[in-house]
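Participant: query39.cif is reproduced in full below (mmCIF, C-alpha atoms and all ligand atoms).
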```cif
data_my_file
#
loop_
_atom_site.label_atom_id
_atom_site.label_comp_id
_atom_site.auth_asym_id
_atom_site.auth_seq_id
_atom_site.Cartn_x
_atom_site.Cartn_y
_atom_site.Cartn_z
CA MET A 467 13.41 -22.24 22.15
CA ARG A 468 11.10 -19.30 21.62
CA PHE A 469 11.99 -17.09 18.65
CA LEU A 470 10.70 -13.61 17.90
CA VAL A 471 11.13 -12.27 14.35
CA VAL A 472 10.84 -8.48 14.00
CA GLY A 473 9.31 -7.20 10.77
CA GLY A 474 6.29 -7.82 8.59
CA GLY A 475 7.35 -8.25 4.96
CA GLY A 476 8.26 -11.03 2.56
CA ARG A 477 11.72 -11.35 4.09
CA GLU A 478 10.24 -11.88 7.53
CA HIS A 479 7.81 -14.44 6.12
CA ALA A 480 10.74 -16.39 4.70
CA LEU A 481 12.58 -16.11 8.05
CA CYS A 482 9.52 -17.28 10.01
CA TRP A 483 8.91 -20.12 7.57
CA SER A 484 12.51 -21.30 7.99
CA LEU A 485 12.54 -20.94 11.77
CA ALA A 486 9.17 -22.66 12.14
CA ALA A 487 10.78 -25.73 10.53
CA SER A 488 13.70 -25.70 12.98
CA PRO A 489 13.87 -28.58 15.45
CA LEU A 490 14.98 -25.94 17.99
CA ALA A 491 11.76 -23.92 17.71
CA ASP A 492 9.09 -24.43 20.34
CA ALA A 493 7.44 -21.18 19.27
CA VAL A 494 7.92 -18.51 16.60
CA LEU A 495 6.39 -15.09 17.14
CA CYS A 496 6.49 -12.23 14.64
CA ALA A 497 5.98 -8.50 15.25
CA PRO A 498 4.02 -7.13 13.51
CA GLY A 499 3.90 -9.88 10.84
CA ASN A 500 1.00 -10.06 8.40
CA ALA A 501 -1.90 -12.36 7.55
CA GLY A 502 0.26 -14.74 5.52
CA ILE A 503 3.01 -14.88 8.13
CA ALA A 504 0.31 -15.88 10.62
CA ARG A 505 0.37 -19.35 9.01
CA ASP A 506 3.93 -19.89 10.26
CA ALA A 507 4.16 -17.68 13.33
CA GLU A 508 2.04 -16.03 15.99
CA CYS A 509 1.76 -12.40 14.88
CA VAL A 510 1.67 -9.65 17.50
CA PRO A 511 0.83 -6.08 16.44
CA VAL A 512 3.92 -4.19 17.59
CA ALA A 513 5.51 -1.88 14.99
CA VAL A 514 9.17 -2.25 13.97
CA ASP A 515 10.06 1.25 15.22
CA ASP A 516 8.37 0.74 18.61
CA ILE A 517 11.56 -0.25 20.41
CA ASP A 518 10.00 -0.10 23.89
CA GLY A 519 7.07 -2.20 22.68
CA LEU A 520 9.34 -4.83 21.12
CA VAL A 521 11.49 -5.07 24.26
CA ALA A 522 8.35 -5.41 26.41
CA LEU A 523 7.01 -8.10 24.08
CA ALA A 524 10.24 -10.10 24.23
CA ARG A 525 10.15 -9.99 28.02
CA ALA A 526 6.46 -10.70 28.43
CA ARG A 527 6.54 -13.68 26.08
CA GLU A 528 9.82 -15.07 27.43
CA ILE A 529 11.61 -14.95 24.10
CA ASP A 530 14.97 -16.74 23.96
CA LEU A 531 16.22 -15.21 20.73
CA VAL A 532 15.11 -12.21 18.66
CA VAL A 533 15.86 -12.16 14.91
CA VAL A 534 15.61 -8.63 13.51
CA GLY A 535 14.56 -8.34 9.84
CA PRO A 536 14.62 -4.68 8.73
CA GLU A 537 17.26 -1.99 9.20
CA LEU A 538 15.18 0.57 11.08
CA PRO A 539 14.99 -1.18 14.49
CA LEU A 540 18.69 -2.05 14.15
CA VAL A 541 19.66 1.56 13.54
CA LEU A 542 17.38 2.54 16.46
CA GLY A 543 19.33 0.24 18.77
CA LEU A 544 16.88 -2.62 19.39
CA VAL A 545 19.68 -5.18 19.70
CA ASP A 546 21.57 -3.04 22.24
CA ARG A 547 18.42 -2.69 24.34
CA LEU A 548 17.66 -6.42 24.28
CA GLU A 549 21.20 -7.37 25.14
CA ALA A 550 21.30 -4.98 28.07
CA LEU A 551 18.41 -7.04 29.46
CA GLY A 552 20.13 -10.34 28.79
CA ILE A 553 17.87 -11.27 25.86
CA ARG A 554 19.77 -12.80 22.95
CA ALA A 555 19.36 -10.93 19.69
CA PHE A 556 20.57 -11.74 16.21
CA GLY A 557 21.33 -8.50 14.39
CA PRO A 558 24.00 -5.79 14.59
CA SER A 559 24.19 -3.16 17.32
CA ALA A 560 23.33 0.46 16.49
CA ALA A 561 27.05 1.20 16.15
CA ALA A 562 27.51 -1.61 13.61
CA ALA A 563 24.27 -0.72 11.81
CA ARG A 564 25.86 2.60 10.79
CA LEU A 565 27.36 0.63 7.88
CA GLU A 566 23.89 1.00 6.35
CA GLY A 567 22.56 3.95 8.31
CA SER A 568 25.28 6.37 7.18
CA LYS A 569 26.95 6.17 3.78
CA ALA A 570 29.54 8.70 4.92
CA PHE A 571 30.46 6.38 7.82
CA MET A 572 30.58 3.37 5.47
CA LYS A 573 32.82 5.12 2.94
CA ALA A 574 35.24 6.41 5.59
CA PHE A 575 35.31 2.95 7.18
CA CYS A 576 36.17 1.35 3.81
CA ALA A 577 38.92 3.91 3.26
CA ARG A 578 40.39 3.20 6.74
CA HIS A 579 40.47 -0.54 6.11
CA GLY A 580 41.36 -0.71 2.42
CA ILE A 581 38.03 -2.18 1.33
CA PRO A 582 37.49 -1.71 -2.43
CA THR A 583 34.66 0.72 -3.20
CA ALA A 584 34.05 3.80 -5.38
CA ALA A 585 36.21 6.87 -4.66
CA HIS A 586 34.12 9.48 -2.88
CA ALA A 587 33.83 12.88 -1.23
CA VAL A 588 31.46 13.99 1.57
CA PHE A 589 29.73 17.39 1.81
CA THR A 590 27.55 18.78 4.59
CA GLY A 591 24.72 21.27 4.08
CA ASP A 592 26.99 24.30 4.61
CA GLN A 593 29.31 23.06 1.86
CA ALA A 594 26.89 23.34 -1.05
CA GLU A 595 29.30 25.47 -3.07
CA ALA A 596 32.12 22.99 -2.66
CA ALA A 597 29.77 20.15 -3.65
CA LEU A 598 28.73 22.04 -6.79
CA ALA A 599 32.35 22.75 -7.66
CA HIS A 600 33.14 19.06 -7.15
CA VAL A 601 30.48 17.83 -9.59
CA GLU A 602 31.59 20.51 -12.07
CA ALA A 603 35.10 19.04 -12.25
CA ALA A 604 34.53 15.29 -11.76
CA PRO A 605 34.22 12.77 -14.61
CA LEU A 606 30.68 11.85 -15.72
CA PRO A 607 28.53 9.99 -14.92
CA ILE A 608 28.74 10.84 -11.25
CA VAL A 609 26.73 9.41 -8.37
CA VAL A 610 25.08 11.68 -5.78
CA LYS A 611 23.81 9.98 -2.61
CA ALA A 612 21.99 11.08 0.51
CA ASP A 613 23.98 10.07 3.59
CA GLY A 614 21.15 8.55 5.65
CA LEU A 615 18.38 5.99 5.19
CA ALA A 616 16.22 7.08 2.26
CA ALA A 617 14.41 3.82 1.42
CA GLY A 618 16.44 3.28 -1.73
CA LYS A 619 15.41 6.66 -3.15
CA GLY A 620 18.44 8.68 -2.10
CA VAL A 621 20.69 7.87 -5.08
CA VAL A 622 20.98 9.83 -8.33
CA ILE A 623 23.25 8.69 -11.15
CA ALA A 624 23.85 11.93 -13.05
CA GLU A 625 24.83 11.60 -16.72
CA THR A 626 25.19 15.35 -17.26
CA ARG A 627 26.59 18.30 -15.28
CA ALA A 628 23.11 19.85 -15.14
CA ALA A 629 21.64 16.65 -13.65
CA ALA A 630 24.47 16.49 -11.11
CA ARG A 631 23.92 20.13 -10.08
CA ASP A 632 20.17 19.50 -9.78
CA ALA A 633 20.76 16.45 -7.60
CA VAL A 634 23.05 18.37 -5.25
CA GLU A 635 20.68 21.33 -5.03
CA ALA A 636 17.61 19.14 -4.54
CA ALA A 637 19.27 17.17 -1.74
CA PHE A 638 20.35 20.29 0.12
CA ALA A 639 16.86 21.74 -0.40
CA GLY A 640 15.48 18.74 1.50
CA ALA A 641 14.37 16.33 -1.26
CA PHE A 642 15.55 13.34 0.82
CA GLY A 643 14.59 14.90 4.16
CA ALA A 644 17.13 14.68 6.97
CA ALA A 645 18.83 11.77 5.15
CA GLY A 646 20.07 14.27 2.55
CA ALA A 647 21.50 16.85 4.94
CA THR A 648 24.88 15.29 4.18
CA LEU A 649 25.83 14.13 0.68
CA VAL A 650 28.22 11.48 -0.54
CA ILE A 651 29.37 12.11 -4.10
CA GLU A 652 31.11 9.16 -5.68
CA GLU A 653 32.74 7.79 -8.76
CA PHE A 654 30.51 5.76 -11.10
CA MET A 655 31.44 2.07 -11.24
CA ALA A 656 30.66 0.20 -14.44
CA GLY A 657 29.87 -3.51 -14.30
CA GLU A 658 27.25 -6.08 -13.36
CA GLU A 659 25.63 -5.93 -9.92
CA ALA A 660 25.22 -8.89 -7.62
CA SER A 661 24.65 -9.44 -3.92
CA LEU A 662 26.39 -11.65 -1.42
CA PHE A 663 24.93 -12.39 1.99
CA ALA A 664 26.95 -13.38 5.02
CA ILE A 665 25.98 -14.63 8.45
CA CYS A 666 28.35 -13.19 11.05
CA ASP A 667 29.13 -13.85 14.70
CA GLY A 668 31.57 -10.98 15.25
CA ARG A 669 34.65 -12.92 14.18
CA THR A 670 33.56 -15.36 11.49
CA ALA A 671 31.53 -14.65 8.36
CA LEU A 672 30.00 -17.49 6.33
CA GLU A 673 28.47 -16.92 2.94
CA ILE A 674 24.70 -17.46 3.18
CA GLY A 675 23.70 -17.11 -0.44
CA THR A 676 24.22 -14.99 -3.52
CA ALA A 677 21.49 -13.35 -5.58
CA GLN A 678 20.65 -10.79 -8.20
CA ASP A 679 17.83 -8.35 -7.57
CA HIS A 680 15.69 -6.37 -10.04
CA LYS A 681 15.36 -2.87 -8.62
CA ARG A 682 13.41 -1.13 -11.38
CA ALA A 683 9.62 -1.38 -11.44
CA HIS A 684 9.18 -2.48 -15.05
CA ASP A 685 10.48 -4.95 -17.62
CA GLY A 686 13.80 -4.21 -19.27
CA ASP A 687 14.98 -2.45 -16.09
CA GLN A 688 12.77 0.54 -16.88
CA GLY A 689 10.81 2.78 -14.54
CA PRO A 690 11.49 3.98 -11.02
CA ASN A 691 13.60 2.21 -8.40
CA THR A 692 11.72 -0.05 -6.00
CA GLY A 693 12.62 -2.19 -3.00
CA GLY A 694 13.14 -5.05 -5.47
CA MET A 695 10.74 -6.71 -7.92
CA GLY A 696 12.27 -10.17 -8.04
CA ALA A 697 15.45 -12.12 -7.46
CA TYR A 698 17.13 -15.38 -8.16
CA SER A 699 19.69 -17.41 -6.29
CA PRO A 700 22.40 -18.44 -6.72
CA ALA A 701 23.76 -15.64 -8.92
CA PRO A 702 25.85 -17.46 -11.52
CA VAL A 703 28.03 -14.37 -12.12
CA LEU A 704 29.40 -14.85 -8.63
CA THR A 705 31.62 -17.83 -9.32
CA PRO A 706 33.18 -19.72 -6.40
CA GLU A 707 36.43 -17.80 -7.07
CA LEU A 708 34.67 -14.45 -6.98
CA ILE A 709 32.80 -15.42 -3.80
CA GLU A 710 36.12 -16.20 -2.13
CA GLU A 711 37.56 -12.91 -3.38
CA VAL A 712 34.58 -10.97 -1.98
CA LEU A 713 34.91 -12.72 1.39
CA ALA A 714 38.66 -12.14 1.49
CA THR A 715 38.79 -8.52 0.27
CA ILE A 716 35.46 -7.11 1.47
CA VAL A 717 33.51 -9.12 4.05
CA ARG A 718 36.25 -10.40 6.36
CA PRO A 719 38.17 -7.10 6.39
CA THR A 720 34.88 -5.45 7.38
CA LEU A 721 34.37 -7.73 10.37
CA ASP A 722 38.01 -7.38 11.36
CA GLY A 723 37.97 -3.60 10.86
CA LEU A 724 34.86 -3.25 13.00
CA ALA A 725 36.37 -5.50 15.68
CA ALA A 726 39.53 -3.37 15.68
CA GLU A 727 37.29 -0.35 16.30
CA GLY A 728 35.60 -2.15 19.18
CA ILE A 729 32.42 -3.10 17.32
CA LEU A 730 31.21 -6.68 17.12
CA TYR A 731 29.18 -7.42 13.99
CA ARG A 732 26.64 -10.15 14.59
CA GLY A 733 23.82 -10.67 12.13
CA PHE A 734 23.23 -10.93 8.44
CA LEU A 735 25.43 -8.70 6.31
CA TYR A 736 24.37 -7.89 2.77
CA ALA A 737 27.13 -6.78 0.42
CA GLY A 738 25.82 -4.99 -2.68
CA LEU A 739 28.60 -5.50 -5.23
CA MET A 740 29.70 -4.14 -8.57
CA LEU A 741 31.71 -6.64 -10.57
CA THR A 742 34.04 -4.19 -12.27
CA ALA A 743 36.89 -4.85 -14.70
CA ALA A 744 39.22 -4.24 -11.74
CA GLY A 745 37.48 -6.85 -9.57
CA PRO A 746 34.50 -6.82 -7.18
CA LYS A 747 33.85 -3.54 -5.40
CA LEU A 748 31.39 -2.65 -2.67
CA VAL A 749 28.43 -0.49 -3.75
CA GLU A 750 26.72 -0.53 -0.38
CA TYR A 751 26.29 -2.50 2.79
CA ASN A 752 22.96 -3.41 4.23
CA VAL A 753 22.90 -4.70 7.78
CA ARG A 754 20.14 -7.22 7.12
CA TYR A 755 19.02 -9.76 4.56
CA GLY A 756 17.81 -8.55 1.18
CA ASP A 757 14.12 -8.58 0.37
CA PRO A 758 13.06 -10.27 -1.94
CA GLU A 759 16.48 -11.98 -2.17
CA CYS A 760 15.87 -13.76 1.15
CA GLN A 761 12.79 -15.40 -0.37
CA ALA A 762 14.99 -16.96 -3.06
CA VAL A 763 17.93 -17.88 -0.82
CA LEU A 764 16.35 -19.48 2.27
CA PRO A 765 14.38 -22.16 0.36
CA ARG A 766 17.75 -23.44 -0.91
CA LEU A 767 19.32 -23.62 2.55
CA MET A 768 19.58 -27.17 3.88
CA THR A 769 21.30 -26.27 7.17
CA ASP A 770 18.83 -25.39 9.90
CA LEU A 771 18.46 -21.60 10.17
CA GLY A 772 17.59 -21.87 13.87
CA GLN A 773 20.89 -23.57 14.59
CA LEU A 774 22.75 -20.99 12.53
CA VAL A 775 21.35 -17.95 14.33
CA VAL A 776 21.92 -19.59 17.71
CA GLY A 777 25.46 -20.46 16.56
CA ALA A 778 26.02 -16.85 15.54
CA CYS A 779 24.82 -15.60 18.94
CA ASP A 780 27.09 -18.13 20.67
CA GLY A 781 30.06 -17.05 18.54
CA ILE A 782 30.70 -20.55 17.14
CA LEU A 783 30.13 -20.07 13.40
CA GLU A 784 33.78 -21.00 12.87
CA HIS A 785 32.76 -24.57 13.70
CA MET A 786 29.66 -24.66 11.53
CA ASP A 787 29.21 -25.07 7.83
CA LEU A 788 26.37 -24.37 5.48
CA ARG A 789 24.81 -26.92 3.19
CA TRP A 790 22.56 -26.18 0.27
CA TYR A 791 20.03 -28.01 -1.85
CA PRO A 792 21.21 -28.14 -5.43
CA ASP A 793 18.14 -26.23 -6.66
CA HIS A 794 18.01 -22.83 -8.26
CA ALA A 795 15.33 -20.48 -6.92
CA LEU A 796 13.59 -17.54 -8.51
CA THR A 797 11.18 -15.16 -6.79
CA VAL A 798 8.68 -12.94 -8.61
CA VAL A 799 7.26 -10.04 -6.59
CA LEU A 800 3.63 -9.05 -7.10
CA ALA A 801 2.95 -5.42 -6.29
CA ALA A 802 -0.10 -3.17 -6.23
CA ARG A 803 -0.53 -1.14 -9.44
CA GLY A 804 1.12 2.26 -8.97
CA TYR A 805 3.92 0.99 -6.71
CA PRO A 806 6.47 2.49 -5.96
CA GLY A 807 4.26 5.58 -6.40
CA PRO A 808 0.78 5.92 -4.86
CA TYR A 809 -1.34 2.76 -4.90
CA ALA A 810 -4.64 1.55 -3.48
CA ARG A 811 -4.98 -0.95 -0.65
CA GLY A 812 -7.75 -3.46 -0.12
CA SER A 813 -8.16 -5.10 -3.55
CA VAL A 814 -9.11 -8.79 -3.49
CA ILE A 815 -6.52 -11.40 -4.53
CA GLY A 816 -8.26 -14.41 -6.04
CA GLY A 817 -6.83 -17.93 -6.25
CA LEU A 818 -4.44 -17.46 -3.35
CA GLU A 819 -5.81 -20.25 -1.21
CA ALA A 820 -5.40 -22.85 -3.96
CA LEU A 821 -1.90 -21.68 -4.79
CA GLU A 822 -1.00 -21.79 -1.10
CA GLU A 823 -1.86 -25.49 -1.07
CA SER A 824 0.07 -26.43 -4.21
CA ASP A 825 3.56 -27.92 -3.91
CA ASP A 826 4.80 -26.17 -7.05
CA VAL A 827 5.71 -22.83 -5.51
CA LEU A 828 6.36 -21.16 -2.18
CA LEU A 829 4.24 -18.16 -1.42
CA PHE A 830 5.69 -15.44 0.81
CA HIS A 831 3.38 -12.67 1.94
CA ALA A 832 4.79 -9.15 2.04
CA ALA A 833 1.58 -7.23 2.76
CA THR A 834 -1.74 -9.05 2.90
CA ARG A 835 -4.67 -9.14 5.27
CA ARG A 836 -7.71 -11.35 5.58
CA GLU A 837 -11.34 -10.40 5.58
CA GLY A 838 -13.41 -13.48 6.25
CA GLU A 839 -12.40 -15.95 3.55
CA ARG A 840 -10.90 -13.30 1.28
CA TRP A 841 -7.30 -12.22 0.95
CA LEU A 842 -6.72 -8.51 0.43
CA ALA A 843 -3.66 -6.54 -0.71
CA ASP A 844 -2.37 -4.33 2.10
CA GLY A 845 0.73 -2.56 0.80
CA GLY A 846 3.01 -1.87 -2.18
CA ARG A 847 4.90 -5.12 -2.54
CA VAL A 848 2.25 -7.70 -1.65
CA LEU A 849 3.42 -11.24 -2.46
CA GLY A 850 6.56 -13.10 -3.47
CA ILE A 851 6.19 -16.31 -5.43
CA THR A 852 9.27 -18.55 -5.37
CA GLY A 853 9.82 -21.39 -7.81
CA LEU A 854 12.54 -23.98 -7.35
CA GLY A 855 14.06 -26.16 -10.06
CA ALA A 856 17.05 -28.13 -11.22
CA THR A 857 17.83 -25.21 -13.55
CA LEU A 858 17.13 -21.50 -13.30
CA GLN A 859 14.81 -21.82 -16.31
CA GLU A 860 12.78 -24.47 -14.51
CA ALA A 861 12.61 -22.34 -11.35
CA ARG A 862 11.47 -19.39 -13.43
CA ASP A 863 8.80 -21.40 -15.28
CA ARG A 864 7.42 -22.68 -11.97
CA ALA A 865 7.32 -19.19 -10.43
CA TYR A 866 5.49 -17.67 -13.41
CA ALA A 867 3.08 -20.63 -13.63
CA GLY A 868 2.24 -19.77 -10.02
CA VAL A 869 1.74 -16.10 -10.88
CA ALA A 870 -0.67 -17.10 -13.67
CA ARG A 871 -2.85 -18.96 -11.20
CA LEU A 872 -3.64 -15.82 -9.24
CA ASP A 873 -6.49 -13.55 -10.15
CA TRP A 874 -5.47 -10.06 -9.08
CA PRO A 875 -6.24 -7.41 -11.72
CA GLU A 876 -5.07 -4.62 -9.39
CA GLY A 877 -1.61 -6.15 -9.13
CA PHE A 878 1.37 -6.36 -11.46
CA CYS A 879 4.74 -8.02 -11.70
CA ARG A 880 7.73 -7.94 -13.99
CA GLY A 881 7.72 -10.57 -16.71
CA ASP A 882 11.48 -10.76 -17.12
CA ILE A 883 12.88 -11.77 -13.73
CA GLY A 884 16.09 -13.71 -14.29
CA TRP A 885 16.87 -12.27 -17.73
CA ARG A 886 20.53 -11.63 -17.02
CA ALA A 887 21.23 -15.25 -16.22
CA LEU A 888 19.00 -16.87 -18.85
CA PRO A 889 19.74 -17.22 -22.54
CA GLY A 890 17.60 -15.16 -24.96
P1 LIG B 1 22.70 2.25 -3.14
O1 LIG B 1 21.47 2.77 -2.43
O2 LIG B 1 23.97 2.83 -2.65
O3 LIG B 1 22.70 0.75 -3.21
O4 LIG B 1 22.53 2.64 -4.67
C1 LIG B 1 21.39 2.23 -5.39
C2 LIG B 1 21.80 1.76 -6.77
O5 LIG B 1 22.50 2.80 -7.45
C3 LIG B 1 22.77 0.60 -6.77
O6 LIG B 1 22.11 -0.62 -6.67
C4 LIG B 1 23.47 0.77 -8.08
O7 LIG B 1 22.68 0.25 -9.14
C5 LIG B 1 23.54 2.25 -8.23
N1 LIG B 1 24.81 2.78 -7.76
C6 LIG B 1 25.08 3.25 -6.54
N2 LIG B 1 26.36 3.67 -6.44
C7 LIG B 1 26.92 3.46 -7.65
C8 LIG B 1 28.22 3.71 -8.18
N3 LIG B 1 29.19 4.27 -7.47
N4 LIG B 1 28.43 3.36 -9.47
C9 LIG B 1 27.45 2.80 -10.21
N5 LIG B 1 26.21 2.58 -9.77
C10 LIG B 1 25.93 2.90 -8.50
N1 LIG B 2 16.17 -5.87 -2.51
C1 LIG B 2 17.06 -4.91 -2.05
C2 LIG B 2 17.14 -4.75 -0.61
O1 LIG B 2 16.68 -5.55 0.17
O2 LIG B 2 17.70 -3.76 -0.16
#
```
Would you mind writing the structure in this file as structure tokens?
Ligand code: AMP
Ligand code: GLY

Facilitator:
Amino acid sequence: MRFLVVGGGGREHALCWSLAASPLADAVLCAPGNAGIARDAECVPVAVDDIDGLVALARAREIDLVVVGPELPLVLGLVDRLEALGIRAFGPSAAAARLEGSKAFMKAFCARHGIPTAAHAVFTGDQAEAALAHVEAAPLPIVVKADGLAAGKGVVIAETRAAARDAVEAAFAGAFGAAGATLVIEEFMAGEEASLFAICDGRTALEIGTAQDHKRAHDGDQGPNTGGMGAYSPAPVLTPELIEEVLATIVRPTLDGLAAEGILYRGFLYAGLMLTAAGPKLVEYNVRYGDPECQAVLPRLMTDLGQLVVGACDGILEHMDLRWYPDHALTVVLAARGYPGPYARGSVIGGLEALEESDDVLLFHAATRREGERWLADGGRVLGITGLGATLQEARDRAYAGVARLDWPEGFCRGDIGWRALPG
């Protein structure tokens, strides 16, 4: 089979690396990919939002199955376009991708189907006064969210009335662009966060890993929110009982609810969870794998990913089961200094070649390019280094030993990935 992976970050590197090892794969292409991904897949420079270009690529290169990494092409309807042409695609349709693309849609959907999540209210731009009155009366802290895709930056947790008012006013003044034209204001949920990933074929959802992410830029969960600075898998807080509860109360009712509304959900589904005193509740859905979580989950997966995505497209997940290596995995993200704010591109990363050849870690490239023999940083999050081990501590030690072998003064990483699950 000929696979095409859409995307060019660390997640897509992990997907390409897994698919390249599949006995089903005759070829793996990646659009646009990056210099590191080029070791596992043939990279073709078509951007993730160039839907016409991606469709043309899939046709021209006789792709049998397209695996879509990021949310943007999903929300833009790439899967619908491919399917209309008879090309198999693993990822939700634009209608199903609204679970991530619109928080107002997601919250109303959860309310319709009894899926546990924070209580909420929705306000459009002409309802600014009502929104302000709402935050004046509601218990603190209160959470103010932009409705649309805002790259993780559209959420404010307001501890004071003044901060809540500011958040509402800023959103309606355009701080989140079009994504903030509609606001979701919701109850604050206290608890520990964890993520559960599912692979779905429209009717059946199988758990494909749990993880905990580290969203803040700096140690001790300080600094601005990022796309994620590191992750580990499995997440020990998600016990087998909790996993079953999440599948039974959140994930399966979501698939069934969508099906009842005429929408088939096929693809990875990422449930961002809050483990509250009253049980697990949904913080958000993402209609894709997490990044960097994917880089910590896939190395643990024993079942062939190629077979799983084909099984999902064929609607036979009910008859498949997932097997895992017993290892723990921990991924440390290396980012360019300044990220998630402004940063420079083009600095040289030393020691990468040697690390690439070592068996101690897996190196996933999020944004690199080559210039002759040199490897250069080419984005905000640049590399993910995954260590595996019989314990989480061992996985962590391996990952950081790998980090220490790189010579990249213009980069940084957090030094405390895994702290929640490790003693002291
Ligand atoms: P979201 O983009 O919806 O995932 O929100 C980003 C982050 O804000 C989450 O990962 C949580 O840490 C936090 N958050 C969002 N909604 C809530 C909520 N209702 N209660 C507590 N924390 C929240
Ligand atoms: N690491 C968080 C995300 O992928 O959304």

Participant: What are the closest atom pairs, with distances in Å to one decimal, for all residues of chain A lying within 7 Å of ligand LIG 1 (chain B)? Consider all atoms listed in the file, order rows by chain and residue number, and present the result as a tab-separated table.

Facilitator:
```
residue	atom	partner	partner_atom	distance
A:Ala584	CA	B:LIG1	N3	5.3
A:Val609	CA	B:LIG1	N3	5.8
A:Gly618	CA	B:LIG1	O1	5.1
A:Gly620	CA	B:LIG1	O1	6.6
A:Val621	CA	B:LIG1	O4	5.6
A:Ile623	CA	B:LIG1	C10	6.9
A:Glu652	CA	B:LIG1	N3	5.6
A:Glu653	CA	B:LIG1	N3	5.2
A:Phe654	CA	B:LIG1	N4	3.6
A:Met655	CA	B:LIG1	N4	3.7
A:Ala656	CA	B:LIG1	C9	5.9
A:Glu659	CA	B:LIG1	O7	6.9
A:Gly738	CA	B:LIG1	O3	6.6
A:Val749	CA	B:LIG1	N2	5.4
A:Glu750	CA	B:LIG1	O2	4.9
```

Participant: Restricting it to C-alpha atoms, dump the selection as a compact mmCIF listing (two decimals), keeping the file's coordinate frame.

Facilitator:
```txt
# COMPACT_ATOMS: atom_id res chain seq x y z
CA ALA A 584 34.05 3.80 -5.38
CA VAL A 609 26.73 9.41 -8.37
CA GLY A 618 16.44 3.28 -1.73
CA GLY A 620 18.44 8.68 -2.10
CA VAL A 621 20.69 7.87 -5.08
CA ILE A 623 23.25 8.69 -11.15
CA GLU A 652 31.11 9.16 -5.68
CA GLU A 653 32.74 7.79 -8.76
CA PHE A 654 30.51 5.76 -11.10
CA MET A 655 31.44 2.07 -11.24
CA ALA A 656 30.66 0.20 -14.44
CA GLU A 659 25.63 -5.93 -9.92
CA GLY A 738 25.82 -4.99 -2.68
CA VAL A 749 28.43 -0.49 -3.75
CA GLU A 750 26.72 -0.53 -0.38
```

Participant: Mind giving me the straight-line distance from atom CA of A:Ala486 to atom CA of A:Glu508 in Å, one decimal?

Facilitator: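 If I compute the distance from atom CA of A:Ala486 to atom CA of A:Glu508, I get 10.5 Å.
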
Participant: Find the smallest box with edges along x, y and z containing every listed atom of ligand LIG 2 (chain B), then add 8 Å on each side and report centre and edge lengths in Å to one decimal, as JSON.

Facilitator:
```
{"center_x": 16.9, "center_y": -4.8, "center_z": -1.2, "size_x": 17.5, "size_y": 18.1, "size_z": 18.7}
```

Participant: May I have a table of the residues of chain A lying at most 6 Å from ligand LIG 2 (chain B), giving each one's closest pair of atoms and their distance in Å to one decimal, counting all atoms listed in the file, ordered by chain and ascending residue number, as CSV?

Facilitator:
```
residue,atom,partner,partner_atom,distance
A:Asp679,CA,B:LIG2,N1,5.9
A:Gly693,CA,B:LIG2,N1,5.1
A:Gly694,CA,B:LIG2,N1,4.3
A:Gly756,CA,B:LIG2,O1,3.4
A:Asp757,CA,B:LIG2,O1,4.0
A:Pro758,CA,B:LIG2,N1,5.4
```

Participant: Which neighbours of A:Asp787 fall inside 9 Å, counting all atoms listed in the file, when residues of the same chain fewer than 6 positions from it are skipped, and could you give them as a ChimeraX atom specification?

Facilitator: /A:672,769,774

Participant: Write the residues you've just listed into a file as an mmCIF file, in the coordinates of the input, and include C-alpha atoms for each of them.

Facilitator:
```cif
data_model
loop_
_atom_site.group_PDB
_atom_site.id
_atom_site.type_symbol
_atom_site.label_atom_id
_atom_site.label_comp_id
_atom_site.auth_asym_id
_atom_site.auth_seq_id
_atom_site.Cartn_x
_atom_site.Cartn_y
_atom_site.Cartn_z
ATOM 1 C CA LEU A 672 30.000 -17.490 6.330
ATOM 2 C CA THR A 769 21.300 -26.270 7.170
ATOM 3 C CA LEU A 774 22.750 -20.990 12.530
#
```

Participant: Could you jot down the atom CA of A:Glu839 to atom CA of A:Arg871 separation for me, Å, one decimal place?

Facilitator: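 Atom CA of A:Arg871 lies at a distance of 17.8 Å from atom CA of A:Glu839.
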
Participant: Taking into account all atoms listed in the file, which residue in the set A:Arg789, A:Gly475, A:Val712, A:Lys681 is nearest to A:Gly846?

Facilitator: A:Gly475

Participant: List the spatial neighbours of A:Pro746 as a count of residues only - criterion: any atom at most 9 Å away, all atoms listed in the file, same-chain residues fewer than 2 positions off excluded.

Facilitator: 14

Participant: Which of these residues is nearest to A:Ala594, using all atoms listed in the file: A:Ala647, A:Ala856, A:Leu849, A:Arg547?

Facilitator: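 The closest residue to A:Ala594 is A:Ala647.
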
Participant: Given the point (16.4, -13.0, -18.1) in the coordinates of this file, which residues lie within 12 Å, counting all atoms listed in the file, and how would they look as a list in words?

Facilitator: Gln678, Asp679, His680, Asp685, Gly686, Asp687, Gly696, Ala697, Tyr698, Leu796, Leu858, Gln859, Arg862, Asp863, Arg880, Gly881, Asp882, Ile883, Gly884, Trp885, Arg886, Ala887, Leu888, Pro889 and Gly890 of chain A

Participant: Which neighbours of A:Leu598 fall inside 9 Å, counting only C-alpha atoms, when residues of the same chain fewer than 6 positions from it are skipped, and could you give them as a list in words?

Facilitator: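 Neighbouring residues, sequence-local ones excluded: Ala630, Arg631, Val634 and Glu635 of chain A.
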
Participant: Any idea what's packed within 10 Å of A:Ala671, counting only C-alpha atoms, ignoring anything in its chain fewer than 4 positions away? Could you give it as a ChimeraX atom specification?

Facilitator: /A:663-667,713,717-718,720-721,731-735,778,783-784
